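Next comes data-v3.tsv, a file with TSV, C-alpha atoms.
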chain	number	residue	atom	x	y	z
A	219	MET	CA	108.37	122.75	120.63
A	220	LYS	CA	108.62	125.48	123.28
A	221	VAL	CA	106.63	126.34	126.36
A	222	VAL	CA	105.59	129.95	126.96
A	223	VAL	CA	104.99	131.05	130.55
A	224	LEU	CA	102.98	134.24	131.10
A	225	TYR	CA	102.70	135.85	134.54
A	226	PRO	CA	101.37	137.25	136.81
A	227	VAL	CA	97.68	136.41	136.44
A	228	ASP	CA	95.01	136.08	139.12
A	229	VAL	CA	92.35	133.42	139.63
A	230	VAL	CA	89.13	134.32	141.43
A	231	GLY	CA	85.85	132.61	142.28
A	232	MET	CA	87.40	129.51	143.85
A	233	TRP	CA	85.04	129.62	146.82
A	234	HIS	CA	81.98	130.26	144.67
A	235	GLN	CA	82.83	127.62	142.04
A	236	ALA	CA	84.49	124.82	144.01
A	237	LYS	CA	84.16	125.73	147.69
A	238	VAL	CA	87.94	125.92	148.06
A	239	ALA	CA	89.97	128.87	149.30
A	240	ASP	CA	93.26	127.80	147.71
A	241	LEU	CA	94.17	125.83	144.59
A	242	GLY	CA	97.54	124.75	145.95
A	243	ILE	CA	100.85	125.45	144.30
A	244	THR	CA	101.83	121.93	143.25
A	245	LYS	CA	99.10	121.19	140.71
A	246	SER	CA	98.45	122.39	137.16
A	247	TYR	CA	94.91	123.18	136.00
A	248	SER	CA	93.66	123.34	132.44
A	249	LEU	CA	92.15	126.57	131.13
A	250	LYS	CA	88.90	126.43	129.20
A	251	ARG	CA	87.90	129.40	127.08
A	252	GLU	CA	84.23	130.34	127.62
A	253	PRO	CA	83.31	132.93	124.96
A	254	SER	CA	79.57	132.34	125.52
A	255	ASN	CA	79.80	133.06	129.28
A	256	SER	CA	76.96	135.50	130.03
A	257	ASN	CA	79.00	137.33	132.70
A	258	ASP	CA	82.23	137.74	130.71
A	259	ARG	CA	82.71	136.93	127.02
A	260	ASN	CA	86.50	136.84	127.63
A	261	ALA	CA	86.21	134.23	130.41
A	262	PHE	CA	88.70	131.44	131.03
A	263	ALA	CA	87.56	128.77	133.48
A	264	VAL	CA	90.25	127.09	135.59
A	265	MET	CA	89.43	123.38	135.39
A	266	ASP	CA	90.40	120.30	137.39
A	267	GLY	CA	89.26	117.64	134.95
A	268	GLU	CA	85.56	118.42	134.43
A	269	LYS	CA	85.27	120.47	137.64
A	270	ARG	CA	85.35	124.27	137.36
A	271	MET	CA	87.64	125.61	140.11
A	272	GLY	CA	87.50	129.35	139.38
A	273	TYR	CA	88.14	131.90	136.65
A	274	LEU	CA	90.96	134.10	135.48
A	275	LYS	CA	90.30	137.57	136.83
A	276	TRP	CA	88.38	139.56	134.20
A	277	GLU	CA	91.15	142.14	133.72
A	278	ASP	CA	93.60	139.37	132.80
A	279	ALA	CA	91.09	137.48	130.64
A	280	GLU	CA	90.21	140.67	128.75
A	281	LEU	CA	93.85	141.13	127.69
A	282	ILE	CA	94.63	137.47	127.00
A	283	SER	CA	91.46	136.17	125.29
A	284	PRO	CA	91.79	138.05	121.96
A	285	ILE	CA	95.35	136.78	121.57
A	286	VAL	CA	94.37	133.19	122.32
A	287	ASP	CA	91.32	133.40	120.06
A	288	GLU	CA	93.34	134.78	117.13
A	289	ASN	CA	96.13	132.22	117.57
A	290	ARG	CA	94.24	128.95	118.07
A	291	GLU	CA	96.46	127.14	115.56
A	292	THR	CA	99.63	128.36	117.30
A	293	ILE	CA	98.79	128.05	120.99
A	294	ARG	CA	98.46	124.48	122.24
A	295	LYS	CA	97.38	123.15	125.65
A	296	LEU	CA	96.72	126.18	127.84
A	297	TRP	CA	97.08	125.68	131.61
A	298	PHE	CA	97.32	127.57	134.93
A	299	LYS	CA	99.60	126.93	137.87
A	300	ALA	CA	99.42	128.86	141.14
A	301	SER	CA	102.66	130.50	142.20
A	302	GLU	CA	101.67	131.59	145.71
A	303	VAL	CA	99.00	130.78	148.26
A	304	SER	CA	95.67	132.56	147.95
A	305	ARG	CA	95.01	135.87	149.63
A	306	PRO	CA	91.72	137.33	150.78
A	307	SER	CA	89.96	140.02	148.77
A	308	LYS	CA	86.63	141.83	149.16
A	309	ARG	CA	84.87	139.25	146.99
A	310	GLY	CA	86.58	136.07	148.21
A	311	PRO	CA	89.99	134.45	147.83
A	312	MET	CA	92.24	135.40	144.91
A	313	GLN	CA	95.31	133.44	143.84
A	314	LYS	CA	98.26	134.63	141.79
A	315	GLY	CA	99.88	132.31	139.30
A	316	GLN	CA	101.00	131.82	135.74
A	317	ILE	CA	99.59	130.63	132.45
A	318	ALA	CA	101.60	128.33	130.23
A	319	PHE	CA	101.11	126.95	126.73
A	320	TYR	CA	103.05	125.23	123.97
A	321	ILE	CA	104.10	126.79	120.66
A	322	GLU	CA	106.29	125.75	117.75
A	323	GLU	CA	109.82	127.19	117.81
A	324	SER	CA	109.09	129.25	114.70
A	325	ASP	CA	106.35	131.19	116.58
A	326	GLU	CA	108.53	132.37	119.47
A	327	ILE	CA	109.37	135.88	118.23
A	328	ARG	CA	105.79	136.62	117.21
A	329	MET	CA	104.42	135.41	120.57
A	330	LYS	CA	106.78	137.72	122.45
A	331	THR	CA	105.30	140.74	120.66
A	332	LEU	CA	101.62	139.87	121.16
A	333	PHE	CA	101.11	140.11	124.92
A	334	PRO	CA	100.76	143.47	126.73
A	335	SER	CA	103.80	144.68	128.66
A	336	ARG	CA	101.99	144.28	132.00
A	337	PHE	CA	102.74	140.54	131.70
A	338	MET	CA	106.18	139.02	132.03
A	339	LEU	CA	106.88	136.30	129.51
A	340	SER	CA	109.45	133.55	129.35
A	341	VAL	CA	109.98	130.98	126.62
A	342	LYS	CA	111.77	127.69	127.23
A	343	LYS	CA	112.57	124.75	125.01
A	344	THR	CA	110.78	121.53	125.99
A	345	ASN	CA	112.50	118.16	126.04
Reformat the file's structure so that it appears as structure tokens.
Amino acid sequence: MKVVVLYPVDVVGMWHQAKVADLGITKSYSLKREPSNSNDRNAFAVMDGEKRMGYLKWEDAELISPIVDENRETIRKLWFKASEVSRPSKRGPMQKGQIAFYIEESDEIRMKTLFPSRFMLSVKKTN
């Protein structure tokens, strides 16, 4: 099994969703796909257990969601981890980080070709 790390991505809506300005850089958050979200059919909620903490920025979700949707059997356990403290934006705090997920070793080459070049991608073997 290998872990794929995809970066950079932004999380927004932390203040609106969870009344926090920063997710912290030491914790991992699960990502929940929300295709029936009335504001964004490509939405990924950033979750802390059952609590919604924010969303992937729509530009990132728009590029990532079709790949995740088409590769549900390949991509396992999707999560987000902040890589720097949040910064202010016009619509509230925004936090840069990375997405990670597990794949089988045999899917590594195909995964590297799927994501747009605006993302950097690294693949590492898990223990």
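Going from CA of Leu339 in chain A over to CA of Tyr225 in chain A, you cover 6.6 Å.
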Exercise: Pro226 in chain A partners within 8 Å, only C-alpha atoms, chain neighbours under 6 positions left out, as a list in words: Lys314, Gly315, Gln316, Phe337 and Met338 of chain A
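Each of A:Gly267, A:Pro284, A:Gly242, A:Gly231 was checked against Phe333 in chain A using only C-alpha atoms; the smallest atom-to-atom distance is that of A:Pro284.
Around Lys295 in chain A, within 8 Å and counting only C-alpha atoms, the residues found are Ser248, Ile293, Trp297, Phe319 and Tyr320 of chain A, once anything fewer than 2 positions away on its own chain is removed.
Between CA of Ser246 in chain A and CA of Ile317 in chain A the separation is 9.6 Å.
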May I have the residues within 6 Å of range 249-254 of chain A as a PyMOL selection string, using only C-alpha atoms and disregarding those fewer than 4 positions away in the same chain? chain A and resi 259-265+296-297
Counting only C-alpha atoms, closest pick from A:Lys275, A:Lys245, A:Arg294, A:Arg336 relative to Met312 in chain A is A:Lys275
Tell me, as a compact mmCIF listing (two decimals) with C-alpha atoms, keeping the file's coordinate frame, which residues lie within 6 Å of Gln313 in chain A, counting only C-alpha atoms; anything in the same chain fewer than 2 positions away does not count.
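Result file part_33.txt:
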# COMPACT_ATOMS: atom_id res chain seq x y z
CA ASP A 228 95.01 136.08 139.12
CA VAL A 229 92.35 133.42 139.63
CA SER A 304 95.67 132.56 147.95
